[in-house]
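**Student:** Sharing a structure below in structure tokens format, with a few things to ask.
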Amino acid sequence: MTDTGTSRTSKPVAKNGAAGGIWFLGFIGALVYYVHFHSGTFWLVVLAFLKSLVWPAFVVYHVLLLKG
């Protein structure tokens, strides 16, 4: 391979990467919360996992209910 003389510059992939870590911690917290209340059978644990994926929708829904 020969170098054609073009220089490559790196571009940032994400500018706000720390927000993903906060969402991941929220997911883990929601998973622990829902597994605590839905533990027992396999399908209840699966339901708890699915609820922990969509917990932000629950939060937004209840906040909008409070705003009226």
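By order of appearance in the structure tokens: chains A, B, ..., then residues from 1 within every chain, and ligands from 1 in the order shown.
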Report as a PDB file with N, CA and C atoms, in the first residue's frame: the residues of chain A with a DSSP assignment of helix (DSSP H, G or I), based on the backbone of this structure.
**Tutor:**
ATOM      1  N   ALA A  18     -21.907  11.480  28.033  1.00  0.00           N
ATOM      2  CA  ALA A  18     -22.212  11.191  29.424  1.00  0.00           C
ATOM      3  C   ALA A  18     -23.695  10.951  29.651  1.00  0.00           C
ATOM      4  N   ALA A  19     -24.553  11.490  28.796  1.00  0.00           N
ATOM      5  CA  ALA A  19     -25.992  11.287  28.969  1.00  0.00           C
ATOM      6  C   ALA A  19     -26.360   9.817  28.798  1.00  0.00           C
ATOM      7  N   GLY A  20     -25.661   9.105  27.956  1.00  0.00           N
ATOM      8  CA  GLY A  20     -25.929   7.681  27.776  1.00  0.00           C
ATOM      9  C   GLY A  20     -25.658   6.896  29.048  1.00  0.00           C
ATOM     10  N   GLY A  21     -24.638   7.274  29.775  1.00  0.00           N
ATOM     11  CA  GLY A  21     -24.337   6.615  31.044  1.00  0.00           C
ATOM     12  C   GLY A  21     -25.408   6.855  32.085  1.00  0.00           C
ATOM     13  N   ILE A  22     -25.960   8.057  32.087  1.00  0.00           N
ATOM     14  CA  ILE A  22     -27.028   8.373  33.032  1.00  0.00           C
ATOM     15  C   ILE A  22     -28.287   7.584  32.682  1.00  0.00           C
ATOM     16  N   TRP A  23     -28.605   7.476  31.384  1.00  0.00           N
ATOM     17  CA  TRP A  23     -29.760   6.678  30.972  1.00  0.00           C
ATOM     18  C   TRP A  23     -29.548   5.208  31.316  1.00  0.00           C
ATOM     19  N   PHE A  24     -28.312   4.712  31.193  1.00  0.00           N
ATOM     20  CA  PHE A  24     -28.030   3.323  31.537  1.00  0.00           C
ATOM     21  C   PHE A  24     -28.231   3.087  33.032  1.00  0.00           C
ATOM     22  N   LEU A  25     -27.787   4.028  33.865  1.00  0.00           N
ATOM     23  CA  LEU A  25     -28.006   3.890  35.308  1.00  0.00           C
ATOM     24  C   LEU A  25     -29.498   3.930  35.628  1.00  0.00           C
ATOM     25  N   GLY A  26     -30.242   4.756  34.906  1.00  0.00           N
ATOM     26  CA  GLY A  26     -31.693   4.782  35.084  1.00  0.00           C
ATOM     27  C   GLY A  26     -32.325   3.461  34.697  1.00  0.00           C
ATOM     28  N   PHE A  27     -31.832   2.853  33.623  1.00  0.00           N
ATOM     29  CA  PHE A  27     -32.330   1.546  33.198  1.00  0.00           C
ATOM     30  C   PHE A  27     -32.058   0.494  34.262  1.00  0.00           C
ATOM     31  N   ILE A  28     -30.857   0.481  34.812  1.00  0.00           N
ATOM     32  CA  ILE A  28     -30.509  -0.499  35.847  1.00  0.00           C
ATOM     33  C   ILE A  28     -31.372  -0.285  37.087  1.00  0.00           C
ATOM     34  N   GLY A  29     -31.565   0.970  37.480  1.00  0.00           N
ATOM     35  CA  GLY A  29     -32.410   1.257  38.636  1.00  0.00           C
ATOM     36  C   GLY A  29     -33.845   0.822  38.414  1.00  0.00           C
ATOM     37  N   ALA A  30     -34.382   1.095  37.221  1.00  0.00           N
ATOM     38  CA  ALA A  30     -35.743   0.668  36.912  1.00  0.00           C
ATOM     39  C   ALA A  30     -35.842  -0.845  36.863  1.00  0.00           C
ATOM     40  N   LEU A  31     -34.821  -1.509  36.346  1.00  0.00           N
ATOM     41  CA  LEU A  31     -34.828  -2.967  36.292  1.00  0.00           C
ATOM     42  C   LEU A  31     -34.857  -3.564  37.692  1.00  0.00           C
ATOM     43  N   VAL A  32     -34.038  -3.027  38.582  1.00  0.00           N
ATOM     44  CA  VAL A  32     -34.038  -3.514  39.970  1.00  0.00           C
ATOM     45  C   VAL A  32     -35.395  -3.270  40.618  1.00  0.00           C
ATOM     46  N   TYR A  33     -35.970  -2.097  40.400  1.00  0.00           N
ATOM     47  CA  TYR A  33     -37.265  -1.755  40.978  1.00  0.00           C
ATOM     48  C   TYR A  33     -38.354  -2.699  40.480  1.00  0.00           C
ATOM     49  N   TYR A  34     -38.441  -2.885  39.160  1.00  0.00           N
ATOM     50  CA  TYR A  34     -39.507  -3.714  38.601  1.00  0.00           C
ATOM     51  C   TYR A  34     -39.298  -5.198  38.899  1.00  0.00           C
ATOM     52  N   VAL A  35     -38.063  -5.683  38.920  1.00  0.00           N
ATOM     53  CA  VAL A  35     -37.827  -7.088  39.254  1.00  0.00           C
ATOM     54  C   VAL A  35     -38.202  -7.347  40.707  1.00  0.00           C
ATOM     55  N   HIS A  36     -37.981  -6.367  41.564  1.00  0.00           N
ATOM     56  CA  HIS A  36     -38.349  -6.512  42.972  1.00  0.00           C
ATOM     57  C   HIS A  36     -39.855  -6.759  43.113  1.00  0.00           C
ATOM     58  N   PHE A  37     -40.669  -6.049  42.346  1.00  0.00           N
ATOM     59  CA  PHE A  37     -42.118  -6.191  42.452  1.00  0.00           C
ATOM     60  C   PHE A  37     -42.687  -7.291  41.572  1.00  0.00           C
ATOM     61  N   HIS A  38     -41.998  -7.691  40.519  1.00  0.00           N
ATOM     62  CA  HIS A  38     -42.524  -8.683  39.584  1.00  0.00           C
ATOM     63  C   HIS A  38     -41.751  -9.997  39.631  1.00  0.00           C
ATOM     64  N   PHE A  42     -40.870 -16.667  35.425  1.00  0.00           N
ATOM     65  CA  PHE A  42     -40.013 -16.198  34.337  1.00  0.00           C
ATOM     66  C   PHE A  42     -40.676 -15.067  33.565  1.00  0.00           C
ATOM     67  N   TRP A  43     -41.969 -15.206  33.274  1.00  0.00           N
ATOM     68  CA  TRP A  43     -42.647 -14.212  32.453  1.00  0.00           C
ATOM     69  C   TRP A  43     -42.833 -12.891  33.190  1.00  0.00           C
ATOM     70  N   LEU A  44     -42.934 -12.925  34.502  1.00  0.00           N
ATOM     71  CA  LEU A  44     -42.998 -11.668  35.259  1.00  0.00           C
ATOM     72  C   LEU A  44     -41.660 -10.943  35.238  1.00  0.00           C
ATOM     73  N   VAL A  45     -40.569 -11.697  35.239  1.00  0.00           N
ATOM     74  CA  VAL A  45     -39.240 -11.079  35.132  1.00  0.00           C
ATOM     75  C   VAL A  45     -39.050 -10.496  33.736  1.00  0.00           C
ATOM     76  N   VAL A  46     -39.551 -11.186  32.703  1.00  0.00           N
ATOM     77  CA  VAL A  46     -39.497 -10.642  31.336  1.00  0.00           C
ATOM     78  C   VAL A  46     -40.314  -9.355  31.263  1.00  0.00           C
ATOM     79  N   LEU A  47     -41.493  -9.341  31.880  1.00  0.00           N
ATOM     80  CA  LEU A  47     -42.314  -8.135  31.929  1.00  0.00           C
ATOM     81  C   LEU A  47     -41.582  -7.008  32.644  1.00  0.00           C
ATOM     82  N   ALA A  48     -40.888  -7.323  33.720  1.00  0.00           N
ATOM     83  CA  ALA A  48     -40.114  -6.313  34.446  1.00  0.00           C
ATOM     84  C   ALA A  48     -39.007  -5.745  33.566  1.00  0.00           C
ATOM     85  N   PHE A  49     -38.353  -6.590  32.780  1.00  0.00           N
ATOM     86  CA  PHE A  49     -37.306  -6.123  31.872  1.00  0.00           C
ATOM     87  C   PHE A  49     -37.880  -5.189  30.814  1.00  0.00           C
ATOM     88  N   LEU A  50     -39.026  -5.566  30.251  1.00  0.00           N
ATOM     89  CA  LEU A  50     -39.648  -4.728  29.227  1.00  0.00           C
ATOM     90  C   LEU A  50     -40.111  -3.388  29.806  1.00  0.00           C
ATOM     91  N   LYS A  51     -40.644  -3.405  31.015  1.00  0.00           N
ATOM     92  CA  LYS A  51     -41.058  -2.159  31.657  1.00  0.00           C
ATOM     93  C   LYS A  51     -39.856  -1.257  31.927  1.00  0.00           C
ATOM     94  N   SER A  52     -38.728  -1.857  32.279  1.00  0.00           N
ATOM     95  CA  SER A  52     -37.547  -1.039  32.552  1.00  0.00           C
ATOM     96  C   SER A  52     -36.995  -0.404  31.286  1.00  0.00           C
ATOM     97  N   LEU A  53     -37.308  -0.971  30.116  1.00  0.00           N
ATOM     98  CA  LEU A  53     -36.882  -0.355  28.863  1.00  0.00           C
ATOM     99  C   LEU A  53     -37.694   0.895  28.531  1.00  0.00           C
ATOM    100  N   TRP A  55     -39.462   2.873  30.807  1.00  0.00           N
ATOM    101  CA  TRP A  55     -39.809   3.675  31.975  1.00  0.00           C
ATOM    102  C   TRP A  55     -39.830   5.175  31.687  1.00  0.00           C
ATOM    103  N   PRO A  56     -39.038   5.716  30.768  1.00  0.00           N
ATOM    104  CA  PRO A  56     -39.161   7.155  30.502  1.00  0.00           C
ATOM    105  C   PRO A  56     -40.546   7.541  29.979  1.00  0.00           C
ATOM    106  N   ALA A  57     -41.184   6.647  29.237  1.00  0.00           N
ATOM    107  CA  ALA A  57     -42.535   6.930  28.749  1.00  0.00           C
ATOM    108  C   ALA A  57     -43.517   7.013  29.913  1.00  0.00           C
ATOM    109  N   PHE A  58     -43.353   6.160  30.920  1.00  0.00           N
ATOM    110  CA  PHE A  58     -44.193   6.231  32.112  1.00  0.00           C
ATOM    111  C   PHE A  58     -44.011   7.564  32.825  1.00  0.00           C
ATOM    112  N   VAL A  59     -42.771   8.001  32.934  1.00  0.00           N
ATOM    113  CA  VAL A  59     -42.483   9.267  33.623  1.00  0.00           C
ATOM    114  C   VAL A  59     -43.120  10.438  32.886  1.00  0.00           C
ATOM    115  N   VAL A  60     -42.937  10.493  31.587  1.00  0.00           N
ATOM    116  CA  VAL A  60     -43.503  11.598  30.808  1.00  0.00           C
ATOM    117  C   VAL A  60     -45.027  11.571  30.885  1.00  0.00           C
ATOM    118  N   TYR A  61     -45.622  10.404  30.817  1.00  0.00           N
ATOM    119  CA  TYR A  61     -47.075  10.289  30.888  1.00  0.00           C
ATOM    120  C   TYR A  61     -47.610  10.830  32.215  1.00  0.00           C
ATOM    121  N   HIS A  62     -46.985  10.449  33.317  1.00  0.00           N
ATOM    122  CA  HIS A  62     -47.469  10.889  34.624  1.00  0.00           C
ATOM    123  C   HIS A  62     -47.179  12.368  34.874  1.00  0.00           C
ATOM    124  N   VAL A  63     -46.101  12.881  34.346  1.00  0.00           N
ATOM    125  CA  VAL A  63     -45.831  14.312  34.465  1.00  0.00           C
ATOM    126  C   VAL A  63     -46.876  15.115  33.690  1.00  0.00           C
ATOM    127  N   LEU A  64     -47.232  14.635  32.498  1.00  0.00           N
ATOM    128  CA  LEU A  64     -48.263  15.314  31.721  1.00  0.00           C
ATOM    129  C   LEU A  64     -49.641  15.215  32.383  1.00  0.00           C
ATOM    130  N   LEU A  65     -49.903  14.123  33.092  1.00  0.00           N
ATOM    131  CA  LEU A  65     -51.162  14.020  33.835  1.00  0.00           C
ATOM    132  C   LEU A  65     -51.207  15.051  34.972  1.00  0.00           C
ATOM    133  N   LEU A  66     -50.074  15.266  35.612  1.00  0.00           N
ATOM    134  CA  LEU A  66     -50.021  16.247  36.696  1.00  0.00           C
ATOM    135  C   LEU A  66     -50.201  17.677  36.183  1.00  0.00           C
ATOM    136  N   LYS A  67     -49.676  17.939  35.000  1.00  0.00           N
ATOM    137  CA  LYS A  67     -49.817  19.290  34.432  1.00  0.00           C
ATOM    138  C   LYS A  67     -51.258  19.567  34.012  1.00  0.00           C
TER     139      LYS A  67
END
